[in-house]
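upload.txt, holding compact mmCIF, C-alpha atoms and all ligand atoms:
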# COMPACT_ATOMS: atom_id res chain seq x y z
CA MET A 116 1.18 -13.35 -7.48
CA ARG A 117 0.09 -11.72 -4.23
CA ILE A 118 -1.76 -8.42 -4.50
CA TRP A 119 -1.93 -6.21 -1.41
CA THR A 120 -3.57 -2.80 -1.20
CA VAL A 121 -2.51 -0.16 1.30
CA SER A 122 -5.39 2.17 2.04
CA ASN A 123 -6.99 4.44 4.60
CA GLN A 124 -9.35 7.36 3.97
CA LYS A 125 -7.05 9.58 5.95
CA GLY A 126 -3.84 11.23 4.77
CA GLY A 127 -0.49 11.19 6.53
CA VAL A 128 -0.98 7.88 8.35
CA GLY A 129 1.92 6.04 6.72
CA LYS A 130 0.30 4.45 3.65
CA THR A 131 2.99 5.33 1.16
CA THR A 132 5.70 4.57 3.70
CA THR A 133 4.16 1.13 4.24
CA ALA A 134 3.92 0.38 0.50
CA VAL A 135 7.44 1.51 -0.35
CA THR A 136 9.09 -0.12 2.66
CA LEU A 137 7.35 -3.49 2.34
CA GLY A 138 8.01 -3.42 -1.42
CA CYS A 139 11.67 -2.71 -0.93
CA LEU A 140 12.05 -5.38 1.78
CA LEU A 141 10.34 -7.97 -0.42
CA ALA A 142 12.57 -7.07 -3.35
CA ALA A 143 15.61 -7.46 -1.10
CA GLU A 144 14.53 -11.04 -0.35
CA GLY A 145 14.49 -11.76 -4.05
CA ARG A 146 10.77 -11.40 -4.75
CA ARG A 147 9.79 -9.68 -7.96
CA VAL A 148 7.74 -6.70 -6.83
CA LEU A 149 5.55 -4.22 -8.66
CA LEU A 150 4.51 -1.01 -6.90
CA LEU A 151 1.43 0.78 -8.22
CA ASP A 152 1.00 4.42 -7.34
CA LEU A 153 -2.74 5.16 -7.31
CA ASP A 154 -2.43 8.52 -5.59
CA PRO A 155 -2.54 11.52 -7.97
CA GLN A 156 -0.19 13.25 -5.49
CA GLY A 157 2.44 10.75 -6.59
CA SER A 158 4.37 10.49 -3.32
CA LEU A 159 5.27 6.87 -4.04
CA SER A 160 6.47 7.77 -7.55
CA ALA A 161 8.54 10.58 -6.05
CA TYR A 162 10.66 8.01 -4.21
CA PHE A 163 11.83 6.90 -7.63
CA ARG A 164 12.18 10.35 -9.15
CA CYS A 165 9.16 9.96 -11.39
CA ASN A 166 7.59 13.19 -12.49
CA PRO A 167 3.82 12.98 -11.84
CA ASP A 168 3.09 15.48 -14.62
CA ALA A 169 3.97 12.95 -17.30
CA SER A 170 0.60 11.26 -17.69
CA HIS A 171 1.29 9.23 -20.83
CA SER A 172 3.04 6.43 -19.00
CA SER A 173 1.18 6.23 -15.73
CA VAL A 174 -1.81 4.51 -14.17
CA TYR A 175 -3.87 7.21 -15.91
CA ALA A 176 -3.14 5.61 -19.28
CA LEU A 177 -4.84 2.39 -18.14
CA PHE A 178 -8.06 4.27 -17.43
CA ALA A 179 -7.86 6.33 -20.60
CA ALA A 180 -7.40 3.17 -22.68
CA SER A 181 -10.26 1.48 -20.91
CA ALA A 182 -12.57 4.48 -21.35
CA ASN A 183 -11.75 4.60 -25.06
CA ALA A 184 -12.04 0.83 -25.46
CA ASP A 185 -8.45 0.85 -26.73
CA GLU A 186 -7.14 -2.69 -26.42
CA ASN A 187 -3.69 -2.04 -27.80
CA LEU A 188 -2.20 -0.57 -24.65
CA SER A 189 0.37 -2.85 -23.08
CA VAL A 190 0.53 -2.60 -19.28
CA GLN A 191 4.10 -3.76 -19.42
CA ALA A 192 5.05 -0.75 -21.51
CA LEU A 193 3.98 1.49 -18.61
CA ILE A 194 6.08 -0.28 -16.00
CA ARG A 195 9.49 1.13 -15.15
CA GLU A 196 12.54 -0.17 -13.44
CA THR A 197 13.34 1.66 -10.21
CA GLY A 198 17.10 1.17 -10.02
CA THR A 199 16.54 -1.32 -7.17
CA ALA A 200 16.83 -4.96 -8.19
CA ASN A 201 13.48 -6.80 -8.41
CA LEU A 202 11.51 -3.61 -7.80
CA SER A 203 9.35 -2.12 -10.57
CA LEU A 204 6.96 0.81 -10.58
CA LEU A 205 3.81 1.84 -12.38
CA PRO A 206 3.78 5.54 -11.52
CA ALA A 207 1.01 8.05 -10.84
CA SER A 208 0.27 11.26 -12.66
CA THR A 209 -1.52 14.41 -11.55
CA ALA A 210 -4.10 13.81 -14.32
CA MET A 211 -5.46 10.95 -12.23
CA ALA A 212 -7.07 13.55 -9.98
CA THR A 213 -9.60 14.21 -12.75
CA LEU A 214 -10.64 10.57 -13.20
CA ASP A 215 -13.67 10.68 -10.92
CA ARG A 216 -15.07 13.69 -12.72
CA GLN A 217 -14.29 12.27 -16.16
CA LEU A 218 -15.56 8.79 -15.52
CA GLY A 219 -18.36 9.70 -13.13
CA ALA A 220 -21.15 8.59 -15.42
CA GLN A 221 -19.29 5.81 -17.17
CA GLY A 222 -20.03 2.38 -15.73
CA GLY A 223 -17.77 -0.64 -15.68
CA MET A 224 -14.61 1.20 -14.65
CA GLY A 225 -14.18 -0.60 -11.35
CA LEU A 226 -12.10 -3.46 -12.71
CA VAL A 227 -9.52 -1.60 -14.78
CA ILE A 228 -6.64 -2.36 -12.42
CA ARG A 229 -7.75 -5.90 -11.77
CA ARG A 230 -7.80 -6.66 -15.50
CA ALA A 231 -4.45 -4.98 -16.07
CA LEU A 232 -2.83 -7.04 -13.31
CA ALA A 233 -4.27 -10.29 -14.62
CA GLY A 234 -1.84 -10.07 -17.53
CA LEU A 235 1.17 -9.79 -15.20
CA GLU A 236 0.69 -12.99 -13.24
CA SER A 237 3.92 -14.60 -14.44
CA HIS A 238 6.03 -11.44 -14.10
CA PHE A 239 5.71 -10.58 -10.42
CA ASP A 240 5.52 -12.33 -7.07
CA TYR A 241 3.97 -9.34 -5.29
CA VAL A 242 2.01 -6.28 -6.32
CA LEU A 243 1.53 -3.48 -3.77
CA LEU A 244 -1.04 -0.75 -4.46
CA ASP A 245 -0.71 2.60 -2.73
CA CYS A 246 -4.08 4.40 -2.52
CA PRO A 247 -5.11 8.05 -2.32
CA PRO A 248 -6.83 9.05 0.94
CA MET A 249 -10.25 9.52 -0.64
CA LEU A 250 -12.90 7.12 -1.78
CA GLY A 251 -13.19 7.25 -5.54
CA VAL A 252 -12.63 5.21 -8.66
CA LEU A 253 -8.94 4.58 -7.81
CA MET A 254 -9.62 3.21 -4.35
CA VAL A 255 -12.56 1.15 -5.62
CA ASN A 256 -10.28 -0.35 -8.27
CA ALA A 257 -7.61 -1.16 -5.72
CA LEU A 258 -10.07 -2.88 -3.40
CA ALA A 259 -11.50 -4.89 -6.29
CA ALA A 260 -8.05 -5.98 -7.46
CA CYS A 261 -6.39 -7.13 -4.25
CA GLU A 262 -6.58 -10.16 -2.02
CA ARG A 263 -5.60 -8.36 1.18
CA LEU A 264 -5.93 -4.86 2.53
CA LEU A 265 -3.39 -3.23 4.81
CA ILE A 266 -4.74 -0.28 6.81
CA PRO A 267 -2.08 1.84 8.50
CA VAL A 268 -3.68 3.70 11.39
CA GLN A 269 -1.95 6.48 13.22
CA THR A 270 -2.17 5.81 16.94
CA GLU A 271 -4.22 8.84 17.94
CA PHE A 272 -7.90 9.30 18.61
CA LEU A 273 -8.94 11.09 15.41
CA ALA A 274 -7.23 8.50 13.28
CA LEU A 275 -9.45 5.81 14.78
CA LYS A 276 -12.43 7.61 13.21
CA GLY A 277 -10.67 7.33 9.88
CA LEU A 278 -10.40 3.58 10.43
CA GLU A 279 -14.15 3.32 11.02
CA ARG A 280 -14.75 5.12 7.73
CA MET A 281 -12.36 2.80 5.89
CA LEU A 282 -14.06 -0.24 7.38
CA SER A 283 -17.51 0.89 6.29
CA THR A 284 -16.16 1.41 2.77
CA LEU A 285 -14.80 -2.12 2.96
CA GLN A 286 -18.21 -3.45 3.96
CA MET A 287 -19.79 -1.65 1.05
CA ILE A 288 -17.23 -2.98 -1.44
CA GLY A 289 -17.52 -6.41 0.16
CA ARG A 290 -21.20 -6.50 -0.72
CA SER A 291 -20.42 -6.00 -4.40
CA ARG A 292 -17.46 -8.41 -4.34
CA GLY A 293 -19.60 -11.00 -2.60
CA SER A 294 -17.06 -11.41 0.20
CA VAL A 295 -15.30 -9.20 2.70
CA LEU A 296 -11.66 -8.65 1.95
CA PRO A 297 -9.23 -9.87 4.63
CA TYR A 298 -7.54 -6.89 6.21
CA THR A 299 -4.82 -6.06 8.67
CA VAL A 300 -4.73 -2.92 10.78
CA ILE A 301 -1.20 -1.60 11.28
CA PRO A 302 -0.70 0.83 14.17
CA THR A 303 1.73 3.55 13.03
CA PHE A 304 3.42 6.62 14.53
CA PHE A 305 3.36 4.90 17.91
CA ASP A 306 4.94 6.94 20.67
CA ARG A 307 4.88 5.03 23.93
CA ARG A 308 5.61 8.19 25.91
CA THR A 309 2.31 9.80 24.95
CA ARG A 310 -1.03 8.97 26.39
CA ALA A 311 -2.72 9.57 23.03
CA SER A 312 -0.70 6.73 21.49
CA THR A 313 -1.10 4.23 24.29
CA GLU A 314 -4.85 4.95 24.61
CA ALA A 315 -5.36 4.61 20.86
CA LEU A 316 -3.48 1.32 20.83
CA ARG A 317 -5.57 0.05 23.70
CA MET A 318 -8.74 0.93 21.81
CA LEU A 319 -7.48 -0.81 18.70
CA ARG A 320 -6.74 -3.91 20.75
CA ASP A 321 -10.16 -3.81 22.37
CA GLN A 322 -12.12 -3.22 19.19
CA HIS A 323 -10.14 -4.74 16.34
CA LYS A 324 -8.07 -7.46 17.92
CA GLU A 325 -8.74 -10.09 15.30
CA HIS A 326 -7.53 -7.87 12.49
CA LEU A 327 -4.69 -6.15 14.27
CA TRP A 328 -0.99 -6.73 13.74
CA ASP A 329 0.16 -7.39 17.30
CA ARG A 330 3.10 -4.98 17.16
CA VAL A 331 3.50 -1.33 16.12
CA VAL A 332 5.47 0.90 13.80
CA PRO A 333 7.08 3.40 16.17
CA ILE A 334 7.40 7.08 15.47
CA ASP A 335 10.89 7.43 14.06
CA THR A 336 12.42 10.61 12.67
CA GLN A 337 14.41 8.47 10.26
CA PHE A 338 11.26 8.01 8.14
CA ARG A 339 10.94 11.68 7.38
CA GLU A 340 14.67 11.98 6.81
CA ALA A 341 14.63 8.99 4.44
CA SER A 342 11.63 10.26 2.47
CA ARG A 343 13.19 13.72 2.23
CA GLN A 344 16.12 12.06 0.54
CA GLY A 345 13.82 9.95 -1.62
CA GLN A 346 14.82 6.64 -0.07
CA PRO A 347 12.84 3.85 1.54
CA ILE A 348 13.87 3.70 5.21
CA ASN A 349 15.40 0.21 5.00
CA ARG A 350 17.87 1.44 2.39
CA PHE A 351 18.49 4.70 4.23
CA ASN A 352 19.10 3.10 7.61
CA ALA A 353 18.96 -0.69 7.83
CA THR A 354 19.07 -0.76 11.62
CA ALA A 355 16.53 2.01 12.33
CA ARG A 356 13.70 1.02 14.65
CA GLY A 357 11.29 1.81 11.84
CA THR A 358 13.07 -0.58 9.47
CA GLN A 359 12.99 -3.34 12.05
CA ALA A 360 9.28 -2.78 12.63
CA TYR A 361 8.47 -3.15 8.93
CA ALA A 362 10.70 -6.22 8.63
CA SER A 363 8.77 -7.75 11.50
CA LEU A 364 5.45 -6.76 9.91
CA LEU A 365 6.50 -8.43 6.68
CA ARG A 366 7.38 -11.70 8.44
CA TRP A 367 4.05 -11.59 10.21
CA LEU A 368 2.11 -10.96 7.00
CA GLN A 369 3.96 -13.76 5.24
CA ALA A 370 3.15 -16.18 8.04
CA GLU A 371 -0.45 -14.94 8.13
CA THR A 372 -0.91 -15.43 4.38
CA GLY A 373 0.87 -18.77 4.32
CA GLN A 374 3.93 -17.59 2.42
CA SER A 375 7.33 -18.94 3.40
CA ARG A 376 10.28 -16.59 3.56
CA GLU A 377 12.10 -18.29 0.70
CA PRO A 378 11.30 -16.79 -2.71
CA ASP A 379 8.98 -19.03 -4.64
CA ARG A 380 10.72 -19.56 -7.91
CA GLU A 381 8.21 -21.94 -9.48
CA ALA A 382 6.72 -19.08 -11.42
CA VAL A 383 10.13 -18.28 -12.89
CA ALA A 384 10.93 -21.86 -13.79
CA SER A 385 7.67 -22.45 -15.61
N1 LIG B 1 6.33 5.79 11.79
C1 LIG B 1 6.65 7.01 11.36
N2 LIG B 1 7.34 7.87 12.16
C2 LIG B 1 7.66 9.11 11.75
N3 LIG B 1 7.38 9.60 10.52
C3 LIG B 1 6.71 8.79 9.67
C4 LIG B 1 6.31 7.46 10.03
N4 LIG B 1 5.67 6.91 8.97
C5 LIG B 1 5.67 7.84 8.00
N5 LIG B 1 6.29 8.97 8.40
C6 LIG B 1 6.44 10.24 7.65
O1 LIG B 1 5.19 10.90 7.66
C7 LIG B 1 4.90 11.49 6.40
C8 LIG B 1 3.60 10.92 5.84
O2 LIG B 1 3.74 9.53 5.60
P1 LIG B 1 3.12 8.84 4.31
O3 LIG B 1 3.55 7.43 4.32
O4 LIG B 1 3.42 9.64 3.09
O5 LIG B 1 1.55 8.92 4.65
P2 LIG B 1 0.28 8.73 3.70
O6 LIG B 1 0.72 7.99 2.47
O7 LIG B 1 -0.70 7.95 4.53
O8 LIG B 1 -0.22 10.10 3.40
C9 LIG B 1 6.12 11.20 5.52
O9 LIG B 1 6.99 12.31 5.58
C10 LIG B 1 6.77 10.00 6.18
O10 LIG B 1 8.17 9.96 5.97
MG MG B 2 0.49 8.52 0.44
Here is the file; what I need is its structure written in the form of structure tokens.
Amino acid sequence: MRIWTVSNQKGGVGKTTTAVTLGCLLAAEGRRVLLLDLDPQGSLSAYFRCNPDASHSSVYALFAASANADENLSVQALIRETGTANLSLLPASTAMATLDRQLGAQGGMGLVIRRALAGLESHFDYVLLDCPPMLGVLMVNALAACERLLIPVQTEFLALKGLERMLSTLQMIGRSRGSVLPYTVIPTFFDRRTRASTEALRMLRDQHKEHLWDRVVPIDTQFREASRQGQPINRFNATARGTQAYASLLRWLQAETGQSREPDREAVAS
């Protein structure tokens, strides 16, 4: 089971779009995928018409059970089908916004997600975690649970500052994990006609080359149109430039992480 986190301490950079699109593309290749919505705003859940006000069957329940030392909660009972084959969802709820305040003083809450996922090893090939844009217990959990971090970065100057912030968080978490998490920077909203985009991309290439996906996700109005209709872009428009960019990103990530394109069915057979 591969666990990837999508995170950046800046909003509107394409995190949720990256999680939902990669998830949907993986599911279309026959991988069993679980999407986890860790953002109290619930934009990932909204793609699947999940109401974020229903906290009883959301990520929130995992933290509530952990805080109350309740060991009877089954993670699987919280997971829903999405209507897309091979694609499941553990939704968010607005109550998750109160977790930092509630759990502030309580130690040992950094591994809630990691422990929950450990029990799902034989059920999924990939787990993708979509993070909120702020550093808190949810992001810390995501970074502790995953084996790779994907950082979408909007190709504009201010967004590069956001990347620096994310990378210092990563350093900090790395010290407590004992190792720095491998990460990939994904340039998003690239508009080759604007100087802001081309300059930002040049800076990314100068400063982060080793961790940078060598292509870009272009700005594409189809993304907004697709999300307005509650669809991942690849389902909304299979030939859109944005869809092709994410398909290419997925191939690159699979090569980078040593995963062939063919679904690995050993887990199913055993
Ligand atoms: N490459 C892109 N080009 C144009 N619009 C995009 C692109 N990526 C995402 N969007 C749109 O921008 C908005 C914010 O994207 P989202 O993925 O929700 O960001 P985040 O999760 O980082 O806040 C959404 O309406 C989405 O459809
Ligand atoms: Mg989001």
* To do: Extract, using all atoms listed in the file, all DNA, RNA and protein residues at most 12 Å from His171 in chain A, discarding same-chain residues fewer than 6 positions from it, and format them as a list of chain:residue names.
  =>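 Listed by chain and then number, they are A:Leu177, A:Phe178, A:Ala179, A:Ala180, A:Leu188, A:Val190, A:Ala192, A:Leu193, A:Ile194, A:Leu205, A:Pro206, A:Ala207, A:Ser208, A:Thr209, A:Ala210, A:Met211.
Interatomic distance, CA of Arg290 in chain A to CA of Glu325 in chain A: 20.6 Å.
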* To do: Record the distance separating CA of Leu265 in chain A and CA of Gln344 in chain A, expressed in Å with one decimal.
  =>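 Between CA of Leu265 in chain A and CA of Gln344 in chain A the gap works out to 25.2 Å.
Taking all atoms listed in the file into account, every polymer residue with at least one atom at most 6 Å away from ligand LIG 1 (chain B) is listed here: Gly126, Gly127, Val128, Gly129, Lys130, Thr131, Thr132, Thr303, Phe304, Val332, Pro333, Ile334, Asp335, Thr336, Phe338, Arg339 and Ser342 of chain A.
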* To do: For Thr372 in chain A, list every protein, DNA or RNA residue within 12 Å, evaluated using only C-alpha atoms, and leave out those in the same chain fewer than 3 positions away; present the list as a PyMOL selection string.
  => chain A and resi 117-119+262-264+297-299+365-369+375-376
* **Option closest in space to ligand MG 2 (chain B), from A:Leu140, A:Met249, A:Ala184, A:Leu214 [counting only C-alpha atoms and all ligand atoms]** =>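 Ranking A:Leu140, A:Met249, A:Ala184, A:Leu214 by distance to ligand MG 2 (chain B), first place goes to A:Met249.
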